[in-house]
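All remarks here apply to the structure that follows.
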Amino acid sequence: MWDYSEKVMDHFHNPRNVGEIENPDAVGEIGNIVCGDALKLTLRIDRSTERILDARFQTFGCGSAIASSSALTEMIKGKTLEEASRITNREIADYLDGLPEEKMHCSVMGMEALEAAIKSYRGIETPIIEVPEGEKIICRCFGVTDKKIAHIIETNNLTTVEQVTNYTKAGGGCGQCRPQIEEILADVLKKEREKRNTLPKKMTTLEKIRLIQETLEKEIRPYLRADGGDLELVDIDGNKVYIRLSGTCQSCPSMGFTIETFITQKLRQAVNDEEIEVKKVEE
Amino acid sequence: MRKGEEMRKGGEMRTIYLDNNATTRVAEEVIQEMLPYLGELYGNPSSMHSFGGNVAKRIAEARDRVANLVGAGSASEIIFTSCGTESDNAALFGTLRSYPEKRHIVTTRVEHPAVLNTCRYLQKEGYRVTFLSVNQSGQLDLDELRESITPDTAIVSIMHANNETGVIFPLAEIAGIVKEKGAVFHTDAVQTVGKVPLNLKESSIDMLSLSGHKLHAPKGVGALYLRGGVRFTPFLMGGHQERGRRGGTENVASIIGLGKACELAFLHIDEERTRVRALRDRLENSILEQVPNARVNGDRIHRLPNTSNISFEFIEGEAILLLLSDRGIAASSGSACTSGSLEPSHVLRAMGVPFTHAHGSIRFSLSRYTTREEIDTVIRELLPIVERLRAISPFGPKKKPPLHCGQLENLSP
């Protein structure tokens, strides 16, 4: 049996916004009975503000598919189309306090139905059977395209083919497309690595100082105070951070250890610089 | 805590257990016979002292009881194993290793994974495997079977009854065909032993697998019937236990439990085809009368007396099971979502059950402990559940027809 969160069970037992809006301003239909789940989303939209006034759903599917649809309608009501379009499948899952990994495709279905609805409002038809232009079907069993696979890998930081199957169903039928999924995965991961390498995060001195101050305030001083000690930031010179200890810290025999491992580590992590050195200033 | 659990905790609701093809409750008489062997009577049956020797006597008695239930010619034809899956593996590997020159296996598309996945593995190892198809009722084409067996065929492994639909294959006829063609015949009878009378000594069956926990014995014990004179190489190598055909110190208490369960099954076997069958029919007929767009999957004549597999169109099985579970009713489904895979049951797909039905299939499997009151409760609770989910579904007889996508014929066997 699946380990569903209480929130999933609540939305399954008491689904919000079931039904169909008459003469809706937008309709999003996704999935089909063959694939085992399907969602029809209808929206009422205020045309002047593009705000979603009402959202209704009909779902064919398991407990988590029904819960994800219900959650989606609750999340988008009152939002503008622009705000709603930024909702990711991850946020739908988080709203439900998480979904079992194998059921993440239910949250993806919610996100896709919303995308289709917004497109329909803007007058763009979402082809249900035909492959959208510029995309290639990878999984023939479930009709999943390369673009969708790459998009879901990026937005959910996926790293394995198994995860891709859990999130998109691709590769979950005959399994013939798994090598192709592997290629897409390698491609996306490579691109992300390159992106990270070409854009090294260069911090200004001001940013660095601010971050060190903040880390000392929030993460280190409360810890020392709990033991009756404290510290004060005296100066920052390049990679050297000068501090003055007070209270029990001054006489604490394990002080050397504390400075070395705790404060240094915290600061190095915070500013992402292994060169940081902490120096103790005597009274 | 969830609603259903709360109600159960409060003692207001007892579980109505209609998932007996998955596992069964251990009979009280079985537990009582096992207990001493989990306690003070812990001797090893192989030991040369009476403390162990007395245990060996009880194992011999268990062997007799199992042999009696399946109608074996001799108790020595029963080998105790750890489960039905081990029995199936032992039959397949034990035969293939005994006939190294033969490289072909015949089985069916609707086998339990214990046989199906083992055969797929053997296929990767270079064996040629024929997976026989079934028709819409889930029955085999015996001519196809006859034609598939060649001099290169080492073993034919065909289940007796299907665990999902309960469809029973004509075992005597199948065994006759295999014998005539000169191959070894194995049957996975995990679902039939204890529910349907068997008389192996009068049959041409060479090997038969059975499992304890499907007939009110505990989990973790099974048996393989191996006809005297049939070539066999042990699957689990080791000591001289089970006459050198299965190594490993005996699971004493469970074997004694299996023996007792077989004795009880022998006594109750008429009840299966009378009272249990009547309850199953009552459940099935009432559901079909009350619920529109529902249908039975599989041959309704040649079928286990305890099993009913019903599809509810336009809704999905897991959602039905969750709502049944809230009401204390335990059943099972062939839907994709319940299996953790993404496709519905391989058995229903092999039978050509449309996807619109396969996703909404529910299996009810009864036992001799099932009561009339329980069945009436299920009949009462089911219709509102189906109606509630159909109200949420975008599909239905008066709604738009379901869409289709993907390349369906491409699905794996």
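By convention in this document, the chains of the structure tokens carry letters A, B, ... by their order, each chain's residues are numbered from 1, and ligands are numbered from 1 in the order they are shown.
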
Could you give me, as JSON lines, every stretch 154-212 of chain A residue with an atom at most 7 Å from stretch 262-271 of chain A, plus its closest atom pair and distance in Å to one decimal, counting only C-alpha atoms, rows ordered by chain then number?
{"residue": "A:Lys208", "atom": "CA", "partner": "A:Val271", "partner_atom": "CA", "distance": 6.3}
{"residue": "A:Leu211", "atom": "CA", "partner": "A:Val271", "partner_atom": "CA", "distance": 6.7}
{"residue": "A:Ile212", "atom": "CA", "partner": "A:Leu267", "partner_atom": "CA", "distance": 6.3}

Selected residues written out with N, CA and C atoms, as an mmCIF file, in the first residue's frame:
data_model
loop_
_atom_site.group_PDB
_atom_site.id
_atom_site.type_symbol
_atom_site.label_atom_id
_atom_site.label_comp_id
_atom_site.auth_asym_id
_atom_site.auth_seq_id
_atom_site.Cartn_x
_atom_site.Cartn_y
_atom_site.Cartn_z
ATOM 1 N N LYS A 208 30.289 39.640 0.821
ATOM 2 C CA LYS A 208 30.988 38.673 1.648
ATOM 3 C C LYS A 208 30.932 39.099 3.115
ATOM 4 N N LEU A 211 27.519 38.617 4.554
ATOM 5 C CA LEU A 211 27.208 37.207 4.768
ATOM 6 C C LEU A 211 27.908 36.668 6.017
ATOM 7 N N ILE A 212 29.166 37.121 6.227
ATOM 8 C CA ILE A 212 29.900 36.675 7.409
ATOM 9 C C ILE A 212 29.215 37.201 8.667
#

Inset, instruction - Report as JSON, numbers by chain the set of chain A residues whose atoms approach chain B to within 10 Å, with distances computed over only C-alpha atoms. - result: {"A": [1, 2, 5, 6, 9, 10, 12, 13, 15, 17, 18, 19, 20, 29, 30, 31, 32, 33, 34, 35, 36, 37, 38, 39, 40, 41, 57, 58, 59, 60, 61, 62, 63, 64, 65, 66, 102, 103, 128, 129, 130, 137, 139, 140, 141, 142, 143, 144, 165, 166, 169, 170, 171, 172, 173, 174, 175, 176]}

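For B:Ser148, the set of protein, DNA and RNA residues having any atom at most 9 Å away, when counting only C-alpha atoms and skipping those fewer than 4 positions along the same chain, is B:Val106, B:Thr130, B:Leu132, B:Asp143, B:Glu144, B:Thr153.
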
Legend entry - Contacts of A:Gly238 at 9 Å (only C-alpha atoms; same-chain gap of 3+ positions) as a list of chain:residue names: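 So the residues in contact are A:Thr205, A:Val241, A:Ile276.
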
Inset, instruction - Just the residues within 8 Å of B:Val66, please, counting only C-alpha atoms, with nothing from its chain fewer than 6 positions along; format it as a ChimeraX atom specification. - result: /B:75,78,258-259,262-263

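Atom pair atom CA of B:Gly298 / atom CA of B:Glu164: separated by 9.4 Å.
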
Legend entry - Selection near stretch 110-113 of chain B, 9 Å with only C-alpha atoms, sequence-local residues under 3 positions removed, as number ranges by chain: B: 85, 107, 116-118, 131-134, 138, 157-159, 162-163, 188, 346-348, 350-351

Legend entry - Distance in Å - atom CA of B:Ala161 versus atom CA of B:Gly247: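 Distance reported for this atom pair: 29.1 Å.
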
Legend entry - B:Val193 surroundings by only C-alpha atoms, 12 Å radius, close-in-sequence under 2 positions cut, as a PyMOL selection string: chain B and resi 21+66-71+84+159-161+187-191+195-200+208-216+222-225+258+261-266+268-269+272+304

Legend entry - Nearest to A:Cys106, chosen from A:Ile153, A:Leu233, A:Ile138, A:Val8, with only C-alpha atoms counted in the distances: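 So, comparing all the options, the nearest one is A:Val8.
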
Inset, instruction - Could you find all residues in stretch 10-89 of chain B that DSSP calls strand (DSSP E) from the backbone, and write them as an MDAnalysis selection string? - result: chainID B and resid 16:17 78:81

Inset, instruction - Kindly indicate which residue among A:Gly78, A:Gly110, A:Gly247, A:Pro24 lies nearest to A:Thr168, using only C-alpha atoms for the distances. - result: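 Of the candidates, the smallest distance to A:Thr168 is held by A:Gly110.
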
Inset, instruction - Determine which residues of stretch 19-254 of chain B receive a DSSP assignment of helix (DSSP H, G or I), computed from the backbone, and state them as a PyMOL selection string. - result: chain B and resi 28-38+50-70+75-77+84-98+113-124+142-148+171-181+200-202+212-214+241-244+252-254

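Proximity of A:Lys279, A:His11, A:Arg56, A:Arg51 to A:Ala84, computed with only C-alpha atoms, is greatest for A:Arg51.
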
Inset, instruction - Using atom CA of B:Glu86 and atom CA of B:Pro234 as the two end points, give the distance in Å to one decimal. - result: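 One can read the atom CA of B:Glu86 to atom CA of B:Pro234 distance as 11.4 Å.
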